[in-house]
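Reproduced below: model-v3.cif, with mmCIF, C-alpha atoms (C1' of nucleotides).
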```cif
data_coords
#
loop_
_atom_site.label_atom_id
_atom_site.label_comp_id
_atom_site.auth_asym_id
_atom_site.auth_seq_id
_atom_site.Cartn_x
_atom_site.Cartn_y
_atom_site.Cartn_z
CA MET O 16 0.00 0.00 0.00
CA THR O 17 1.24 3.50 -0.68
CA SER O 18 -0.13 5.08 2.45
CA THR O 19 -2.71 4.10 4.98
CA ARG O 20 -4.10 7.56 5.57
CA ASP O 21 -3.48 11.21 6.26
CA ASP O 22 -0.76 11.40 3.68
CA PRO O 23 -0.71 15.13 2.90
CA ARG O 24 0.33 14.53 -0.70
CA PRO O 25 -2.52 13.08 -2.66
CA THR O 26 -1.90 9.64 -4.08
CA LYS O 27 -1.32 9.28 -7.78
CA SER O 28 -4.80 8.08 -8.54
CA GLN O 29 -6.33 10.93 -6.58
CA ARG O 30 -4.40 13.37 -8.68
CA THR O 31 -5.43 11.91 -12.01
CA LYS O 32 -8.97 11.60 -10.75
CA ALA O 33 -8.88 15.30 -10.00
CA ALA O 34 -7.37 16.02 -13.41
CA ILE O 35 -10.19 14.13 -15.07
CA LEU O 36 -12.69 16.16 -13.08
CA VAL O 37 -11.09 19.42 -14.20
CA ALA O 38 -11.15 18.35 -17.83
CA ALA O 39 -14.74 17.18 -17.47
CA ARG O 40 -15.85 20.51 -16.01
CA GLU O 41 -14.23 22.37 -18.87
CA HIS O 42 -15.95 20.25 -21.48
CA PHE O 43 -19.32 20.14 -19.80
CA ALA O 44 -19.17 23.92 -19.45
CA ARG O 45 -18.21 24.56 -23.04
CA ASP O 46 -20.26 21.89 -24.79
CA GLY O 47 -23.01 20.78 -22.43
CA TYR O 48 -23.76 17.24 -21.38
CA ASP O 49 -24.71 15.69 -24.69
CA ARG O 50 -21.87 16.98 -26.82
CA THR O 51 -19.28 16.14 -24.20
CA THR O 52 -17.78 12.74 -24.86
CA VAL O 53 -15.94 10.52 -22.45
CA ARG O 54 -13.22 10.21 -25.05
CA SER O 55 -12.63 13.96 -25.35
CA VAL O 56 -12.49 14.39 -21.58
CA ALA O 57 -10.02 11.53 -21.37
CA ALA O 58 -7.90 13.00 -24.14
CA GLN O 59 -7.68 16.36 -22.42
CA ALA O 60 -6.67 14.68 -19.19
CA SER O 61 -4.07 12.68 -21.15
CA VAL O 62 -5.63 9.45 -20.07
CA ASP O 63 -7.39 6.45 -21.55
CA PRO O 64 -11.18 6.67 -21.87
CA ALA O 65 -11.52 3.45 -19.95
CA LEU O 66 -9.90 5.06 -16.96
CA VAL O 67 -12.56 7.73 -16.80
CA ILE O 68 -15.19 5.03 -16.49
CA ARG O 69 -13.10 3.05 -14.05
CA TYR O 70 -12.90 6.04 -11.71
CA PHE O 71 -16.37 7.46 -12.16
CA SER O 72 -18.42 4.42 -13.16
CA SER O 73 -20.34 6.14 -15.95
CA LYS O 74 -20.68 9.39 -17.83
CA GLU O 75 -23.75 10.31 -15.79
CA ALA O 76 -21.89 9.78 -12.53
CA LEU O 77 -18.98 11.83 -13.85
CA PHE O 78 -21.39 14.62 -14.55
CA ALA O 79 -22.89 14.39 -11.09
CA ALA O 80 -19.42 14.61 -9.59
CA ALA O 81 -18.48 17.56 -11.80
CA VAL O 82 -21.49 19.53 -10.80
CA ASP O 83 -21.42 19.13 -7.05
CA VAL O 84 -21.56 22.80 -6.30
CA ASP O 85 -21.68 25.31 -3.54
CA LEU O 86 -23.01 28.72 -4.56
CA MET O 87 -21.34 30.21 -1.49
CA LEU O 88 -24.13 32.68 -1.02
CA PRO O 89 -23.32 35.46 1.42
CA ASP O 90 -25.18 35.67 4.68
CA LEU O 91 -27.82 38.22 3.81
CA ALA O 92 -28.94 38.64 7.40
CA SER O 93 -26.02 40.94 8.12
CA VAL O 94 -26.60 43.17 5.09
CA PRO O 95 -28.47 46.48 5.44
CA ARG O 96 -31.94 45.98 4.04
CA GLY O 97 -31.53 48.68 1.43
CA GLU O 98 -28.44 47.06 -0.07
CA LEU O 99 -29.73 43.55 -0.44
CA GLY O 100 -30.37 43.75 -4.17
CA ALA O 101 -27.00 45.22 -5.04
CA ARG O 102 -25.17 42.84 -2.75
CA LEU O 103 -26.82 39.70 -4.06
CA THR O 104 -26.47 40.76 -7.67
CA ARG O 105 -22.81 41.65 -7.26
CA HIS O 106 -22.12 38.33 -5.60
CA PHE O 107 -23.83 36.58 -8.45
CA LEU O 108 -21.88 38.44 -11.13
CA GLU O 109 -18.61 37.80 -9.36
CA ARG O 110 -19.39 34.13 -8.98
CA TRP O 111 -19.89 33.87 -12.74
CA GLU O 112 -17.19 36.21 -13.83
CA GLY O 113 -14.40 35.21 -11.52
CA GLY O 114 -11.54 33.84 -13.54
CA LEU O 115 -10.65 31.51 -10.71
CA SER O 116 -14.08 30.03 -10.63
CA ASP O 117 -14.66 26.48 -11.53
CA ASP O 118 -17.16 26.52 -14.36
CA VAL O 119 -19.74 24.82 -12.25
CA LEU O 120 -22.49 27.36 -12.81
CA VAL O 121 -22.10 27.40 -16.56
CA ILE O 122 -22.13 23.62 -16.58
CA LEU O 123 -25.22 23.45 -14.51
CA LEU O 124 -27.24 25.97 -16.46
CA ARG O 125 -26.11 24.82 -19.88
CA SER O 126 -26.81 21.20 -19.11
CA ALA O 127 -30.00 21.69 -17.12
CA VAL O 128 -31.71 23.07 -20.17
CA SER O 129 -31.50 19.81 -22.08
CA ASN O 130 -30.88 17.20 -19.44
CA GLU O 131 -33.51 16.31 -16.90
CA GLN O 132 -31.01 14.98 -14.39
CA ALA O 133 -29.10 18.25 -14.52
CA ALA O 134 -32.36 20.16 -14.17
CA ASP O 135 -33.15 18.19 -11.03
CA ARG O 136 -29.76 19.08 -9.70
CA LEU O 137 -30.27 22.77 -10.46
CA ARG O 138 -33.70 22.78 -8.85
CA ALA O 139 -32.12 21.18 -5.80
CA VAL O 140 -29.36 23.80 -5.64
CA PHE O 141 -31.97 26.48 -6.10
CA SER O 142 -34.30 25.34 -3.34
CA GLU O 143 -31.57 24.36 -0.90
CA GLN O 144 -29.38 27.40 -1.32
CA VAL O 145 -31.23 30.29 -2.96
CA ALA O 146 -34.74 29.78 -1.64
CA SER O 147 -33.57 29.07 1.87
CA THR O 148 -31.27 32.09 1.96
CA ILE O 149 -34.11 34.30 0.84
CA GLY O 150 -36.48 32.54 3.17
CA ALA O 151 -34.45 33.93 6.04
CA LEU O 152 -35.35 37.48 4.97
CA ALA O 153 -39.00 37.32 4.07
CA PRO O 154 -42.19 36.06 5.64
CA ARG O 155 -42.57 32.36 4.85
CA ARG O 156 -45.63 33.03 2.75
CA ASP O 157 -43.75 35.21 0.27
CA ALA O 158 -40.42 33.44 0.30
CA GLY O 159 -41.03 31.04 -2.58
CA ARG O 160 -42.50 33.74 -4.70
CA ARG O 161 -39.64 36.16 -4.11
CA ALA O 162 -37.07 33.43 -4.67
CA GLY O 163 -38.69 32.54 -7.97
CA LEU O 164 -38.66 36.13 -9.15
CA VAL O 165 -35.04 36.62 -8.14
CA ALA O 166 -34.08 33.42 -9.93
CA SER O 167 -35.92 34.47 -13.08
CA GLN O 168 -33.93 37.71 -13.28
CA LEU O 169 -30.56 36.41 -12.17
CA LEU O 170 -30.63 33.24 -14.23
CA GLY O 171 -31.94 35.30 -17.13
CA LEU O 172 -28.98 37.58 -16.71
CA ALA O 173 -26.59 34.62 -16.72
CA LEU O 174 -28.34 33.13 -19.72
CA THR O 175 -28.23 36.23 -21.88
CA ARG O 176 -24.83 37.43 -20.72
CA TYR O 177 -22.76 34.26 -20.45
CA LEU O 178 -24.45 31.63 -22.55
CA LEU O 179 -26.23 33.42 -25.37
CA ARG O 180 -23.96 36.46 -25.29
CA LEU O 181 -26.70 38.79 -26.44
CA PRO O 182 -25.45 42.21 -27.47
CA GLY O 183 -26.72 44.91 -25.14
CA ILE O 184 -26.18 42.76 -22.08
CA ALA O 185 -23.04 40.70 -22.74
CA ASP O 186 -20.94 43.58 -23.98
CA ARG O 187 -21.38 45.93 -21.05
CA PRO O 188 -19.17 46.22 -17.98
CA ALA O 189 -20.34 44.26 -14.96
CA ASP O 190 -20.76 47.45 -12.95
CA ASP O 191 -23.22 48.89 -15.44
CA VAL O 192 -25.27 45.75 -15.41
CA LEU O 193 -25.19 45.74 -11.65
CA ALA O 194 -26.53 49.29 -11.56
CA ASP O 195 -29.45 48.35 -13.80
CA VAL O 196 -30.35 44.95 -12.42
CA GLY O 197 -29.61 45.49 -8.74
CA PRO O 198 -32.73 47.61 -8.15
CA THR O 199 -34.89 44.93 -9.73
CA ILE O 200 -33.54 42.33 -7.34
CA GLN O 201 -34.00 44.77 -4.49
CA ARG O 202 -37.63 45.14 -5.48
CA TYR O 203 -38.16 41.41 -5.67
CA LEU O 204 -36.60 40.92 -2.26
CA THR O 205 -38.15 43.68 -0.24
CA GLN O 206 -41.00 45.40 -2.01
CA ASP O 207 -44.59 44.88 -0.99
CA LEU O 208 -46.16 42.27 -3.18
CA GLY O 209 -49.80 42.57 -4.08
CA MET W 12 -46.80 17.84 -63.30
CA THR W 13 -49.57 18.00 -60.73
CA SER W 14 -50.22 21.72 -60.87
CA THR W 15 -48.32 24.68 -62.14
CA ARG W 16 -49.32 27.07 -59.38
CA ASP W 17 -51.93 28.50 -57.09
CA ASP W 18 -53.48 25.15 -56.40
CA PRO W 19 -55.26 25.77 -53.10
CA ARG W 20 -54.86 22.17 -51.90
CA PRO W 21 -51.26 21.45 -51.08
CA THR W 22 -49.64 18.67 -53.02
CA LYS W 23 -48.93 15.39 -51.28
CA SER W 24 -45.26 16.06 -50.80
CA GLN W 25 -45.99 19.47 -49.36
CA ARG W 26 -48.24 17.88 -46.81
CA THR W 27 -45.74 15.27 -45.69
CA LYS W 28 -43.04 17.88 -45.67
CA ALA W 29 -45.22 19.89 -43.32
CA ALA W 30 -45.89 16.81 -41.21
CA ILE W 31 -42.17 16.23 -40.87
CA LEU W 32 -41.74 19.84 -39.80
CA VAL W 33 -44.41 19.47 -37.13
CA ALA W 34 -42.83 16.30 -35.79
CA ALA W 35 -39.42 17.94 -35.86
CA ARG W 36 -40.63 20.96 -33.89
CA GLU W 37 -42.13 18.70 -31.27
CA HIS W 38 -38.94 16.73 -30.84
CA PHE W 39 -36.59 19.70 -30.95
CA ALA W 40 -38.76 21.41 -28.35
CA ARG W 41 -38.90 18.45 -26.01
CA ASP W 42 -35.39 17.09 -26.41
CA GLY W 43 -33.22 19.85 -27.86
CA TYR W 44 -31.06 19.60 -30.96
CA ASP W 45 -28.59 16.95 -29.90
CA ARG W 46 -31.00 14.41 -28.46
CA THR W 47 -33.37 14.73 -31.38
CA THR W 48 -32.66 12.08 -33.97
CA VAL W 49 -33.64 12.11 -37.61
CA ARG W 50 -34.99 8.61 -37.09
CA SER W 51 -37.34 9.56 -34.28
CA VAL W 52 -38.68 12.54 -36.20
CA ALA W 53 -39.29 10.30 -39.19
CA ALA W 54 -41.01 7.69 -37.05
CA GLN W 55 -43.39 10.24 -35.58
CA ALA W 56 -44.23 11.52 -39.06
CA SER W 57 -44.74 7.90 -40.15
CA VAL W 58 -42.10 8.22 -42.78
CA ASP W 59 -38.74 6.78 -43.69
CA PRO W 60 -35.68 8.56 -42.22
CA ALA W 61 -34.24 8.89 -45.70
CA LEU W 62 -37.20 11.00 -46.73
CA VAL W 63 -36.47 13.53 -44.05
CA ILE W 64 -33.03 14.04 -45.50
CA ARG W 65 -34.38 14.02 -49.04
CA TYR W 66 -36.70 16.89 -48.20
CA PHE W 67 -34.49 18.92 -45.91
CA SER W 68 -30.97 17.97 -47.02
CA SER W 69 -29.56 17.54 -43.52
CA LYS W 70 -30.46 17.57 -39.86
CA GLU W 71 -29.01 21.06 -39.50
CA ALA W 72 -31.13 22.37 -42.34
CA LEU W 73 -34.19 20.70 -40.86
CA PHE W 74 -33.48 22.53 -37.65
CA ALA W 75 -33.10 25.83 -39.43
CA ALA W 76 -36.43 25.28 -41.13
CA ALA W 77 -38.12 24.29 -37.88
CA VAL W 78 -36.97 27.40 -36.14
CA ASP W 79 -37.86 30.02 -38.71
CA VAL W 80 -39.89 32.12 -36.36
CA ASP W 81 -41.91 35.25 -36.12
CA LEU W 82 -42.34 36.58 -32.60
CA MET W 83 -45.34 38.57 -33.77
CA LEU W 84 -44.50 41.40 -31.44
CA PRO W 85 -47.29 43.92 -31.06
CA ASP W 86 -46.82 47.42 -32.34
CA LEU W 87 -45.76 49.17 -29.19
CA ALA W 88 -46.08 52.61 -30.67
CA SER W 89 -49.85 52.57 -30.19
CA VAL W 90 -49.69 51.49 -26.56
CA PRO W 91 -50.00 54.08 -23.77
CA ARG W 92 -46.56 54.64 -22.35
CA GLY W 93 -47.57 53.57 -18.87
CA GLU W 94 -48.78 50.17 -20.03
CA LEU W 95 -45.80 49.16 -22.11
CA GLY W 96 -44.35 46.78 -19.54
CA ALA W 97 -47.59 44.96 -18.86
CA ARG W 98 -48.46 44.75 -22.52
CA LEU W 99 -45.13 43.37 -23.64
CA THR W 100 -44.93 40.90 -20.77
CA ARG W 101 -48.48 39.65 -21.37
CA HIS W 102 -47.76 39.19 -25.04
CA PHE W 103 -44.67 37.23 -24.17
CA LEU W 104 -46.46 34.96 -21.72
CA GLU W 105 -49.25 34.30 -24.17
CA ARG W 106 -46.80 33.52 -26.92
CA TRP W 107 -45.23 30.85 -24.74
CA GLU W 108 -48.31 29.58 -23.08
CA GLY W 109 -50.72 29.46 -25.98
CA GLY W 110 -51.75 25.88 -26.61
CA LEU W 111 -52.01 26.64 -30.29
CA SER W 112 -48.49 27.88 -30.43
CA ASP W 113 -45.92 26.08 -32.42
CA ASP W 114 -43.16 25.27 -30.01
CA VAL W 115 -40.78 27.50 -31.82
CA LEU W 116 -39.73 29.54 -28.83
CA VAL W 117 -39.02 26.53 -26.66
CA ILE W 118 -37.01 25.01 -29.45
CA LEU W 119 -35.00 28.11 -29.99
CA LEU W 120 -34.15 28.72 -26.37
CA ARG W 121 -33.49 25.09 -25.50
CA SER W 122 -31.25 24.56 -28.49
CA ALA W 123 -29.51 27.92 -28.44
CA VAL W 124 -27.98 27.07 -25.10
CA SER W 125 -25.93 24.21 -26.46
CA ASN W 126 -25.80 24.83 -30.18
CA GLU W 127 -23.92 27.74 -31.63
CA GLN W 128 -25.96 27.78 -34.82
CA ALA W 129 -29.16 28.03 -32.81
CA ALA W 130 -27.61 30.74 -30.67
CA ASP W 131 -26.84 32.73 -33.82
CA ARG W 132 -30.39 32.33 -34.89
CA LEU W 133 -31.70 33.51 -31.54
CA ARG W 134 -29.41 36.51 -31.53
CA ALA W 135 -30.71 37.34 -34.99
CA VAL W 136 -34.35 37.07 -33.89
CA PHE W 137 -33.50 39.17 -30.88
CA SER W 138 -31.83 41.98 -32.74
CA GLU W 139 -34.19 42.01 -35.70
CA GLN W 140 -37.41 41.79 -33.78
CA VAL W 141 -36.97 42.69 -30.13
CA ALA W 142 -34.25 45.28 -30.33
CA SER W 143 -35.81 47.03 -33.28
CA THR W 144 -39.26 47.13 -31.71
CA ILE W 145 -37.81 48.66 -28.59
CA GLY W 146 -35.64 50.95 -30.65
CA ALA W 147 -38.80 52.60 -31.89
CA LEU W 148 -39.63 53.70 -28.34
CA ALA W 149 -36.38 54.88 -26.91
CA PRO W 150 -33.59 57.19 -27.92
CA ARG W 151 -31.12 55.31 -30.10
CA ARG W 152 -28.43 55.65 -27.50
CA ASP W 153 -30.36 53.65 -24.91
CA ALA W 154 -32.11 51.19 -27.16
CA GLY W 155 -29.58 48.37 -27.06
CA ARG W 156 -29.20 48.67 -23.36
CA ARG W 157 -32.92 48.58 -22.70
CA ALA W 158 -33.41 45.71 -25.11
CA GLY W 159 -30.72 43.72 -23.34
CA LEU W 160 -32.29 44.28 -19.96
CA VAL W 161 -35.73 43.34 -21.22
CA ALA W 162 -34.34 40.20 -22.80
CA SER W 163 -32.53 39.23 -19.62
CA GLN W 164 -35.75 39.36 -17.63
CA LEU W 165 -38.11 37.88 -20.21
CA LEU W 166 -35.82 35.09 -21.32
CA GLY W 167 -35.03 34.43 -17.67
CA LEU W 168 -38.75 34.13 -17.05
CA ALA W 169 -39.10 31.68 -19.92
CA LEU W 170 -36.08 29.74 -18.76
CA THR W 171 -37.18 29.31 -15.17
CA ARG W 172 -40.87 28.89 -15.91
CA TYR W 173 -40.96 26.73 -19.02
CA LEU W 174 -37.64 24.97 -19.27
CA LEU W 175 -36.36 24.52 -15.74
CA ARG W 176 -39.81 24.61 -14.13
CA LEU W 177 -38.49 26.14 -10.94
CA PRO W 178 -40.99 26.10 -8.12
CA GLY W 179 -42.03 29.60 -7.12
CA ILE W 180 -42.20 30.73 -10.72
CA ALA W 181 -43.47 27.76 -12.75
CA ASP W 182 -46.33 26.88 -10.42
CA ARG W 183 -48.01 30.28 -10.32
CA PRO W 184 -50.79 31.57 -12.56
CA ALA W 185 -49.66 33.65 -15.50
CA ASP W 186 -51.56 36.68 -14.20
CA ASP W 187 -49.63 36.66 -10.93
CA VAL W 188 -46.35 36.48 -12.72
CA LEU W 189 -47.46 39.27 -15.01
CA ALA W 190 -48.25 41.47 -12.03
CA ASP W 191 -44.79 40.92 -10.58
CA VAL W 192 -42.67 41.06 -13.70
CA GLY W 193 -44.59 43.64 -15.70
CA PRO W 194 -43.34 46.58 -13.61
CA THR W 195 -39.76 45.44 -14.06
CA ILE W 196 -40.16 45.48 -17.83
CA GLN W 197 -41.86 48.85 -17.57
CA ARG W 198 -38.85 50.17 -15.70
CA TYR W 199 -36.41 48.77 -18.23
CA LEU W 200 -38.38 50.31 -21.07
CA THR W 201 -39.14 53.77 -19.80
CA GLN W 202 -37.24 54.64 -16.64
CA ASP W 203 -34.36 57.06 -16.66
CA LEU W 204 -31.12 55.19 -16.85
CA GLY W 205 -28.09 56.56 -15.05
"C1'" DC G 11 -54.32 2.06 -70.22
"C1'" DC G 12 -49.93 3.06 -69.72
"C1'" DA G 13 -45.41 5.87 -69.79
"C1'" DG G 14 -43.15 8.69 -66.83
"C1'" DA G 15 -42.67 11.52 -63.00
"C1'" DA G 16 -43.33 11.97 -58.13
"C1'" DA G 17 -43.21 9.96 -53.56
"C1'" DG G 18 -41.45 6.92 -50.66
"C1'" DT G 19 -38.73 2.63 -48.98
"C1'" DC G 20 -34.65 -0.43 -48.28
"C1'" DA G 21 -30.30 -1.82 -47.10
"C1'" DA G 22 -26.09 -0.35 -46.30
"C1'" DC G 23 -22.03 2.78 -45.42
"C1'" DA G 24 -18.74 4.87 -42.32
"C1'" DC G 25 -18.36 6.76 -38.11
"C1'" DC G 26 -18.89 7.66 -33.25
"C1'" DT G 27 -20.72 6.47 -28.65
"C1'" DG G 28 -20.33 4.43 -23.61
"C1'" DT G 29 -18.66 0.56 -21.62
"C1'" DT G 30 -16.14 -3.97 -20.68
"C1'" DG G 31 -12.56 -7.40 -19.29
"C1'" DA G 32 -8.08 -8.90 -20.11
"C1'" DA G 33 -3.42 -7.48 -20.57
"C1'" DT G 34 0.30 -4.41 -19.48
"C1'" DT G 35 3.18 -1.03 -17.17
"C1'" DC G 36 4.52 1.33 -13.20
"C1'" DT G 37 5.86 1.79 -8.26
"C1'" DG G 38 7.13 1.27 -3.55
"C1'" DG G 39 8.43 -1.81 0.31
"C1'" DT G 40 11.52 -5.45 1.73
"C1'" DA M 5 16.42 -7.36 -7.33
"C1'" DC M 6 12.15 -8.91 -6.54
"C1'" DC M 7 7.29 -8.81 -6.71
"C1'" DA M 8 2.35 -7.72 -4.91
"C1'" DG M 9 -0.80 -4.57 -5.97
"C1'" DA M 10 -2.09 -0.27 -7.79
"C1'" DA M 11 -2.45 2.44 -12.05
"C1'" DT M 12 -3.24 2.46 -16.59
"C1'" DT M 13 -3.77 0.92 -21.42
"C1'" DC M 14 -5.50 -2.09 -25.29
"C1'" DA M 15 -8.68 -4.01 -28.24
"C1'" DA M 16 -13.09 -4.91 -28.85
"C1'" DC M 17 -18.18 -5.07 -28.12
"C1'" DA M 18 -22.94 -3.75 -29.21
"C1'" DG M 19 -25.68 -0.22 -30.37
"C1'" DG M 20 -26.84 4.22 -32.35
"C1'" DT M 21 -25.94 8.26 -35.66
"C1'" DG M 22 -26.52 11.03 -40.21
"C1'" DT M 23 -26.45 10.17 -44.83
"C1'" DT M 24 -26.40 7.87 -49.50
"C1'" DG M 25 -27.82 5.59 -53.84
"C1'" DA M 26 -30.46 2.13 -55.82
"C1'" DC M 27 -34.81 0.28 -55.78
"C1'" DT M 28 -40.09 0.07 -55.61
"C1'" DT M 29 -44.61 1.89 -55.22
"C1'" DT M 30 -48.10 5.38 -56.16
"C1'" DC M 31 -50.11 8.74 -58.74
"C1'" DT M 32 -51.50 11.30 -62.90
"C1'" DG M 33 -51.91 13.34 -67.53
"C1'" DG M 34 -52.43 12.21 -72.39
#
```

Starting from the file, lay out its structure as structure tokens.
Amino acid sequence: MTSTRDDPRPTKSQRTKAAILVAAREHFARDGYDRTTVRSVAAQASVDPALVIRYFSSKEALFAAAVDVDLMLPDLASVPRGELGARLTRHFLERWEGGLSDDVLVILLRSAVSNEQAADRLRAVFSEQVASTIGALAPRRDAGRRAGLVASQLLGLALTRYLLRLPGIADRPADDVLADVGPTIQRYLTQDLG
Amino acid sequence: MTSTRDDPRPTKSQRTKAAILVAAREHFARDGYDRTTVRSVAAQASVDPALVIRYFSSKEALFAAAVDVDLMLPDLASVPRGELGARLTRHFLERWEGGLSDDVLVILLRSAVSNEQAADRLRAVFSEQVASTIGALAPRRDAGRRAGLVASQLLGLALTRYLLRLPGIADRPADDVLADVGPTIQRYLTQDLG
DNA sequence: CCAGAAAGTCAACACCTGTTGAATTCTGGT
DNA sequence: ACCAGAATTCAACAGGTGTTGACTTTCTGG
């Protein structure tokens, strides 16, 4: 055996497993679930296709592993009520735009649109992370409604800006977009709803 | 020859061609471009796969034909300025929700996310139809910006409501959604922008 | 009634997919 | 230097894809 446990340096197989995961994220993000092939992921990780299956059992399981995500939403409870919209929107933009970011969000959105399993996953992330965070701010009765509205605007922003790259929204600086969209989110979070 | 022209009853081949198109729209809408197979479209149209190719040359061309769409945007010039948001949002919801509707919008959005050709097409529809309609209302300088914002919210609504079926937005009556989202669109269309 | 065009089918191709089990190479401990 | 066991590759499978060209059926005008 190479090491029983607590070896700080990851074992060889752990490292290639991680490399496969990185390559998989890149491909899933760029091409979506269907167009991503086990062979292309393997090639990019400089590895045999069979190894990908050996480590992850199947393409579906590889996807599930690639998309295990934490939105890292800020704690909105400590934010002044009047800045909620701007704060949440900025966080969202940074999470998408950050060069360091794993491409997990792109993967999830791109794949969820044509893959029911991915859609399940996204709905789960949404209700566990977004809806519950917002639930902490609003009366229970409104929480789902507000969360849905926020999601419709923020995911719409991601869709048009990062996936479709629509002119008029994709070609503007993040700060400008923030200034326009932030107030909408603020309204959805705090405004009286009929 | 069966008829030179202006025969009111479509010829046989025109009818099966149309049937293929209907089947194709249904499959592209439900499954997206990649998962839709020429064979399954042919089967649903009760026709040989080869015929699909014979009539449309290739799967890509079939897709292009299936997605040739007219948003049928209302003429916003005749709408009172204060009702623009509600009017445009209602039109949009009806266009998606209408049982009679061809599934063209679902197809376009679902496919555009993972298919660059479809994305081109959607950007074209957007700039030719949405951006120009809005351009008629706003100063040229703001038009692109407003159109982008409107698209981000309306496509986000479609995404979360019809494709992802997020709870909190998909399970509410259209009128409720209209009441919440309409004012946002109104703001994007008419409000002063910094 | 029948030639010829139109409409549609058949069988096959070349290629690509996820996945498998056996075979091979690599590596660390004694 | 040896060798167990981990790490990885090889070759192949069964099934599905878009597309093609030759063939057959169906229709129609003279």

Each chain M residue no farther than 12 Å from chain W, nearest pair in Å, all atoms listed in the file, as JSON lines:
```
{"residue": "M:DG20", "atom": "C1'", "partner": "W:Thr48", "partner_atom": "CA", "distance": 9.9}
{"residue": "M:DT21", "atom": "C1'", "partner": "W:Thr48", "partner_atom": "CA", "distance": 7.9}
{"residue": "M:DG22", "atom": "C1'", "partner": "W:Lys70", "partner_atom": "CA", "distance": 7.6}
{"residue": "M:DT23", "atom": "C1'", "partner": "W:Ile64", "partner_atom": "CA", "distance": 7.7}
{"residue": "M:DT24", "atom": "C1'", "partner": "W:Ala61", "partner_atom": "CA", "distance": 8.8}
{"residue": "M:DG25", "atom": "C1'", "partner": "W:Ala61", "partner_atom": "CA", "distance": 10.9}
{"residue": "M:DT30", "atom": "C1'", "partner": "W:Lys23", "partner_atom": "CA", "distance": 11.2}
{"residue": "M:DC31", "atom": "C1'", "partner": "W:Thr13", "partner_atom": "CA", "distance": 9.5}
{"residue": "M:DT32", "atom": "C1'", "partner": "W:Thr13", "partner_atom": "CA", "distance": 7.3}
{"residue": "M:DG33", "atom": "C1'", "partner": "W:Met12", "partner_atom": "CA", "distance": 8.0}
```

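The residues of chain W lying at most 12 Å from chain G, with all atoms listed in the file taken into account, are W:Met12, W:Thr13, W:Thr22, W:Lys23, W:Ser24, W:Gln25, W:Arg26, W:Thr27, W:Lys28, W:Ser57, W:Val58, W:Asp59, W:Pro60, W:Ala61, W:Leu62, W:Val63, W:Arg65, W:Tyr66.
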
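Comparing O:Ala189, O:Leu124, O:Ala33, O:Ala60 by their smallest distance to O:Gly171, the closest is O:Leu124 (using all atoms listed in the file).
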
Quiz item: If we count all atoms listed in the file, which residues of chain W reach to within 9 Å of chain O? Please list them as an MDAnalysis selection string.
Solution: chainID W and resid 41:46 120:127 130:131 133:134 137:138 154:160 162:172 174:181 183 188 190:192 195 198:199 204:205

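Take atom CA of W:Phe39 and atom CA of W:Thr100: the distance between them is 25.0 Å.
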
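Atom to atom, atom CA of W:His38 and atom CA of W:Val52 stand 6.8 Å apart.
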
Quiz prompt | Straight-line distance linking atom CA of O:Leu36 with atom CA of O:Ala57, stated in Å to one decimal | solution = 9.9 Å

Quiz prompt | Within 10 Å of W:Asp79 using only C-alpha atoms (C1' of nucleotides), minus same-chain residues under 3 positions, as a ChimeraX atom specification | solution = /W:74-76,115,119,132,136
